[in-house]
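Content type compact mmCIF, C-alpha atoms, from the file work.txt:
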# COMPACT_ATOMS: atom_id res chain seq x y z
CA MET W 1 6.71 145.56 -189.48
CA ALA W 2 9.02 145.77 -186.45
CA GLN W 3 8.61 143.16 -183.75
CA SER W 4 7.69 145.75 -181.08
CA VAL W 5 4.98 147.22 -183.33
CA SER W 6 3.64 143.75 -184.15
CA THR W 7 3.60 142.81 -180.49
CA SER W 8 1.77 145.98 -179.52
CA SER W 9 -0.78 145.62 -182.32
CA LEU W 10 -1.34 141.98 -181.53
CA GLY W 11 -1.76 142.62 -177.82
CA ARG W 12 -4.19 145.48 -178.41
CA ARG W 13 -6.23 143.32 -180.76
CA ALA W 14 -6.40 140.61 -178.11
CA LEU W 15 -7.60 143.12 -175.53
CA SER W 16 -10.41 144.15 -177.86
CA LEU W 17 -11.78 140.60 -177.93
CA ASN W 18 -14.34 139.32 -175.48
CA CYS W 19 -12.80 135.89 -175.85
CA GLY W 20 -10.56 134.11 -178.28
CA VAL W 21 -6.99 134.42 -179.46
CA ALA W 22 -5.41 137.04 -181.68
CA ALA W 23 -2.85 135.49 -184.02
CA LEU W 24 -0.18 137.08 -186.19
CA ALA W 25 0.42 135.41 -189.55
CA ASP W 26 0.34 137.43 -192.77
CA GLU W 27 -2.14 139.65 -190.98
CA ILE W 28 -3.70 139.88 -187.55
CA VAL W 29 -6.69 137.57 -187.27
CA ALA W 30 -8.99 136.48 -184.45
CA ILE W 31 -9.27 132.78 -183.72
CA PRO W 32 -12.47 131.60 -182.01
CA PRO W 33 -12.14 128.96 -179.28
CA PRO W 34 -13.18 125.39 -180.05
CA PRO W 35 -16.71 124.57 -178.86
CA GLY W 36 -17.34 122.84 -175.57
CA ILE W 37 -14.00 123.58 -173.87
CA ASN W 38 -14.00 126.52 -171.49
CA PRO W 39 -12.12 126.00 -168.19
CA ASN W 40 -11.35 129.39 -166.66
CA PRO W 41 -9.20 131.40 -166.86
CA TYR W 42 -7.63 130.10 -170.06
CA GLY W 43 -10.77 128.64 -171.62
CA PRO W 44 -10.59 130.40 -174.99
CA LEU W 45 -7.08 129.05 -175.51
CA VAL W 46 -7.47 125.41 -174.58
CA GLY W 47 -7.60 123.13 -177.57
CA VAL W 48 -6.49 125.79 -180.07
CA ARG W 49 -3.53 124.83 -182.25
CA CYS W 50 -1.98 127.14 -184.83
CA GLY W 51 0.13 126.00 -187.74
CA PRO W 52 3.72 127.09 -188.43
CA ALA W 53 2.57 130.09 -190.48
CA VAL W 54 1.40 131.75 -187.27
CA GLU W 55 4.35 133.54 -185.70
CA ALA W 56 2.77 134.73 -182.45
CA VAL W 57 -0.42 134.69 -180.43
CA ALA W 58 -1.86 137.09 -177.89
CA TYR W 59 -4.65 136.62 -175.40
CA PRO W 60 -6.33 138.75 -172.75
CA LEU W 61 -5.84 137.86 -169.11
CA ALA W 62 -6.66 139.36 -165.73
CA ALA W 63 -3.48 140.97 -164.43
CA ARG W 64 -4.06 139.55 -160.95
CA LEU W 65 -3.46 136.04 -162.30
CA ILE W 66 0.21 136.87 -162.74
CA ASP W 67 0.49 139.23 -159.75
CA CYS W 68 0.75 142.32 -161.94
CA ASP W 69 -2.22 144.13 -160.43
CA PRO W 70 -4.55 143.20 -157.58
CA GLY W 71 -7.53 144.78 -159.33
CA ASP W 72 -9.50 143.89 -162.44
CA THR W 73 -7.02 145.28 -164.96
CA ARG W 74 -6.81 143.28 -168.17
CA ILE W 75 -3.51 142.74 -169.92
CA ALA W 76 -2.50 140.73 -172.95
CA ILE W 77 0.16 138.04 -172.98
CA VAL W 78 2.00 137.81 -176.30
CA VAL W 79 3.89 134.60 -177.02
CA SER W 80 6.11 134.38 -180.08
CA ARG W 81 8.06 131.60 -181.73
CA THR W 82 11.20 133.74 -181.85
CA GLU W 83 10.96 136.38 -179.10
CA ALA W 84 10.63 136.32 -175.33
CA PRO W 85 7.02 136.47 -174.06
CA GLN W 86 5.71 139.99 -173.49
CA ILE W 87 2.93 141.76 -171.65
CA VAL W 88 0.87 144.44 -173.37
CA ASP W 89 -0.77 146.80 -170.90
CA LEU W 90 -2.78 149.71 -172.31
CA ARG W 91 -1.45 151.87 -169.47
CA ARG W 92 2.08 151.51 -170.85
CA ASP W 93 3.56 153.00 -174.00
CA ARG W 94 5.56 149.90 -174.92
CA PRO W 95 5.18 146.15 -174.44
CA MET W 96 6.97 144.81 -171.38
CA THR W 97 9.19 141.76 -171.74
CA ILE W 98 8.44 139.03 -169.22
CA GLU W 99 11.62 138.40 -167.27
CA VAL W 100 10.43 135.26 -165.49
CA GLU W 101 8.33 132.28 -166.43
CA LEU W 102 4.68 132.78 -165.57
CA GLY W 103 3.58 129.17 -165.50
CA PRO W 104 0.24 128.45 -167.18
CA ALA W 105 -0.10 132.08 -168.32
CA VAL W 106 2.74 131.55 -170.83
CA ASP W 107 2.43 127.78 -171.20
CA VAL W 108 -0.94 128.02 -172.90
CA GLY W 109 0.43 130.38 -175.54
CA ARG W 110 3.27 128.00 -176.30
CA ARG W 111 0.82 125.12 -176.64
CA VAL W 112 -1.37 127.16 -179.00
CA LEU W 113 1.72 127.50 -181.19
CA GLY W 114 2.58 123.83 -180.75
CA MET W 115 5.79 124.71 -178.90
CA GLU W 116 7.25 122.68 -176.06
CA THR W 117 7.14 124.17 -172.58
CA PRO W 118 9.91 123.96 -169.96
CA LYS W 119 10.11 120.84 -167.84
CA GLU W 120 8.74 120.99 -164.29
CA SER W 121 11.16 120.21 -161.47
CA THR W 122 8.44 119.37 -158.95
CA SER W 123 7.68 115.68 -158.66
CA PRO W 124 4.19 114.21 -159.15
CA SER W 125 4.54 112.82 -155.63
CA ASP W 126 4.35 116.41 -154.34
CA VAL W 127 0.93 116.76 -155.97
CA LEU W 128 -0.26 113.56 -154.32
CA ASP W 129 1.11 114.77 -150.98
CA VAL W 130 -0.86 118.02 -151.14
CA TYR W 131 -4.04 116.13 -152.02
CA TRP W 132 -3.34 113.92 -149.01
CA LEU W 133 -2.75 116.82 -146.62
CA ASP W 134 -5.78 118.68 -147.92
CA GLY W 135 -7.87 115.56 -147.37
CA ILE W 136 -6.59 115.27 -143.80
CA ILE W 137 -7.64 118.85 -143.08
CA SER W 138 -11.11 118.26 -144.51
CA SER W 139 -11.50 115.09 -142.47
CA ALA W 140 -10.23 116.73 -139.28
CA LEU W 141 -12.60 119.68 -139.66
CA ARG W 142 -15.55 117.36 -140.24
CA SER W 143 -14.70 115.22 -137.21
CA GLY W 144 -14.01 118.08 -134.83
CA PRO W 145 -11.78 118.04 -131.73
CA GLU W 146 -13.95 115.45 -129.99
CA LYS W 147 -12.73 112.80 -132.46
CA PRO W 148 -8.95 113.26 -132.68
CA HIS W 149 -7.22 111.65 -135.64
CA SER W 150 -4.59 108.96 -135.29
CA TRP W 151 -1.80 108.10 -137.70
CA ALA W 152 -3.82 105.05 -138.75
CA SER W 153 -6.77 107.23 -139.75
CA VAL W 154 -4.73 109.77 -141.72
CA SER W 155 -2.30 107.40 -143.44
CA VAL W 156 -5.11 105.59 -145.28
CA LEU W 157 -6.08 108.89 -146.92
CA HIS W 158 -2.88 109.02 -148.97
CA PRO W 159 -3.47 108.17 -152.66
CA LEU W 160 -0.60 105.67 -152.62
CA THR W 161 -2.20 103.35 -150.08
CA ASP W 162 -5.62 102.09 -149.05
CA GLN W 163 -4.63 100.77 -145.63
CA MET W 164 -2.66 101.84 -142.58
CA ILE W 165 1.04 102.01 -143.37
CA GLU W 166 4.07 102.90 -141.27
CA PRO W 167 5.49 106.39 -141.91
CA TRP W 168 8.81 105.06 -143.20
CA ARG W 169 7.06 102.72 -145.62
CA LEU W 170 4.91 105.54 -146.97
CA ARG W 171 8.01 107.71 -147.35
CA ASN W 172 9.78 104.98 -149.32
CA ARG W 173 6.72 104.46 -151.50
CA ARG W 174 6.60 108.19 -152.25
CA LEU W 175 10.30 108.37 -153.08
CA ARG W 176 10.04 105.36 -155.38
CA LEU W 177 6.94 106.56 -157.20
CA PRO W 178 7.46 105.22 -160.74
CA LEU W 179 5.29 107.83 -162.43
CA GLY W 180 6.98 110.82 -164.02
CA TRP W 181 4.98 113.71 -165.45
CA ASP W 182 4.91 112.00 -168.84
CA ALA W 183 3.19 108.89 -167.49
CA PHE W 184 1.05 111.03 -165.19
CA ARG W 185 -0.23 113.06 -168.14
CA HIS W 186 -0.75 109.94 -170.25
CA ARG W 187 -3.01 108.51 -167.56
CA ALA W 188 -4.89 111.80 -167.27
CA SER W 189 -5.51 111.88 -171.02
CA ASN W 190 -7.01 108.39 -170.84
CA THR W 191 -10.79 108.59 -170.49
CA SER W 192 -10.78 105.60 -168.13
CA SER W 193 -8.65 107.41 -165.53
CA PRO W 194 -8.99 111.20 -165.97
CA TRP W 195 -7.36 113.65 -163.58
CA PRO W 196 -9.97 115.18 -161.21
CA GLY W 197 -11.36 118.39 -162.65
CA MET W 198 -9.53 118.04 -165.98
CA ASP W 199 -11.08 116.86 -169.20
CA PRO W 200 -8.86 114.20 -170.85
CA SER W 201 -8.73 116.32 -174.00
CA ILE W 202 -7.00 119.08 -172.02
CA ALA W 203 -4.34 116.68 -170.75
CA GLY W 204 -3.79 115.55 -174.32
CA TRP W 205 -3.44 119.12 -175.58
CA LEU W 206 -0.90 120.05 -172.89
CA ASP W 207 2.64 118.67 -172.81
CA ASP W 208 4.38 117.29 -169.73
CA GLY W 209 5.67 120.58 -168.33
CA SER W 210 2.48 122.56 -168.89
CA PHE W 211 0.37 119.69 -167.54
CA ALA W 212 2.46 119.63 -164.37
CA ARG W 213 2.08 123.36 -163.77
CA TRP W 214 -1.64 123.19 -164.57
CA CYS W 215 -2.05 120.59 -161.81
CA LEU W 216 0.15 122.50 -159.37
CA ALA W 217 -1.56 125.85 -159.98
CA ASP W 218 -4.83 124.69 -158.41
CA LEU W 219 -3.23 123.28 -155.27
CA PRO W 220 -2.88 125.07 -151.95
CA ASP W 221 0.59 125.71 -150.57
CA LYS W 222 2.04 122.60 -148.94
CA ASP W 223 3.78 124.44 -146.09
CA ALA W 224 0.63 126.41 -145.31
CA ILE W 225 -1.39 123.20 -145.04
CA LEU W 226 1.21 121.68 -142.73
CA ASP W 227 1.02 124.75 -140.49
CA ASP W 228 -2.76 124.41 -140.30
CA LEU W 229 -2.49 120.72 -139.51
CA ARG W 230 -0.20 121.40 -136.56
CA ASP W 231 -3.10 123.27 -134.98
CA LEU W 232 -5.53 120.40 -135.63
CA LEU W 233 -3.59 117.20 -134.95
CA GLU W 234 -1.75 115.73 -132.01
CA PRO W 235 2.04 116.24 -132.05
CA SER W 236 2.58 112.48 -132.30
CA VAL W 237 0.48 112.33 -135.49
CA MET W 238 2.30 115.33 -136.96
CA ALA W 239 5.62 113.66 -136.21
CA CYS W 240 4.51 110.68 -138.30
CA ILE W 241 3.39 112.98 -141.14
CA ASP W 242 6.73 114.81 -141.05
CA GLU W 243 8.57 111.50 -141.18
CA ALA W 244 6.50 110.30 -144.12
CA LEU W 245 7.15 113.53 -146.03
CA ALA W 246 10.86 113.83 -145.21
CA PRO W 247 13.20 113.90 -148.24
CA ARG W 248 15.64 111.03 -148.41
CA GLY W 249 18.66 113.04 -147.28
CA GLU W 250 16.81 114.73 -144.43
CA TRP W 251 15.53 111.43 -143.07
CA ILE W 252 19.02 109.92 -143.12
CA ARG W 253 20.37 112.91 -141.19
CA ARG W 254 17.63 112.46 -138.59
CA TRP W 255 18.42 108.76 -138.30
CA LEU W 256 22.14 109.41 -137.84
Take the structure in this file and express it as structure tokens.
Amino acid sequence: MAQSVSTSSLGRRALSLNCGVAALADEIVAIPPPPGINPNPYGPLVGVRCGPAVEAVAYPLAARLIDCDPGDTRIAIVVSRTEAPQIVDLRRDRPMTIEVELGPAVDVGRRVLGMETPKESTSPSDVLDVYWLDGIISSALRSGPEKPHSWASVSVLHPLTDQMIEPWRLRNRRLRLPLGWDAFRHRASNTSSPWPGMDPSIAGWLDDGSFARWCLADLPDKDAILDDLRDLLEPSVMACIDEALAPRGEWIRRWL
């Protein structure tokens, strides 16, 4: 059977399923999801692991999740051990090869096959920063304009400190964060310190790259949050936030 025919058949089978994964081994079979694990939108995939006899997997997905279609169109992602990932869309005659990485949409297929996913270039400190900024916005909106925030009140919200800290000290602490994604994921897979909103079993099923993108996918855009904060906070407070978030090279240029 030619690869294109197999891909098309596999994708169409996946689209016929209400949930679950279509797998290609000696024949096309449907794999039910493991019980008790169902985080949208990849719930049927999480926790599934296929052996080496399975050459490819396909799974249905809303096209809007990968910016293919703003509506409710369903597509199938086909991930193979030997070929580039492809999209099967019933409106097309042939499968479409995915030219770019699609983050979790492709990562989950690779993990089902037990394949490694690409490393993530974003640092875990960026995730902590977005949580910090999002927390500042929530706090500022609760307080209202009658209770303006100071640097002291916003700095203590950062996950890397529990007390007021000078902007340059917070920046140095961020830049020296000892945790890479491997240690970050290891902590999240530990039941004593799970990542918020993620079952430890999910962190254990993912690898470092896919775990990183899973965390990043749920976060708002950092620049958008900063723009919103400029409308909520005093310029002096924003100057401290900008200093704390400045990359090493940018801060040195400012100092010079």
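Using all atoms listed in the file, the smallest distance between any of W:Arg174, W:His158, W:Arg169, W:Lys119 and W:Asp134 comes from W:His158.
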Item checked: Neighbour list for stretch 200-216 of chain W as a list in words, cut-off 6 Å, all atoms listed in the file, skip fewer than 3 positions in-chain -> Asp107, Thr117, Pro118, Lys119, Glu120, Trp181, Asp182, Ala188, Ser189, Thr191, Pro194 and Leu219 of chain W
Checklist line | Selection near W:Leu157, 8 Å with all atoms listed in the file, sequence-local residues under 4 positions removed, as an MDAnalysis selection string | finding: chainID W and resid 132 135:136 153 161:162
Check: Which one of W:Arg13, W:Arg173, W:Arg49, W:Lys222 sits closest to W:Ile137 if you count only C-alpha atoms?
Finding: W:Lys222
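Proximity of W:Ala217, W:Leu233, W:Val154, W:Cys240 to W:Val127, computed with only C-alpha atoms, is greatest for W:Ala217.
As for atom CA of W:Arg74 and atom CA of W:Pro60, they are spaced 6.5 Å apart.
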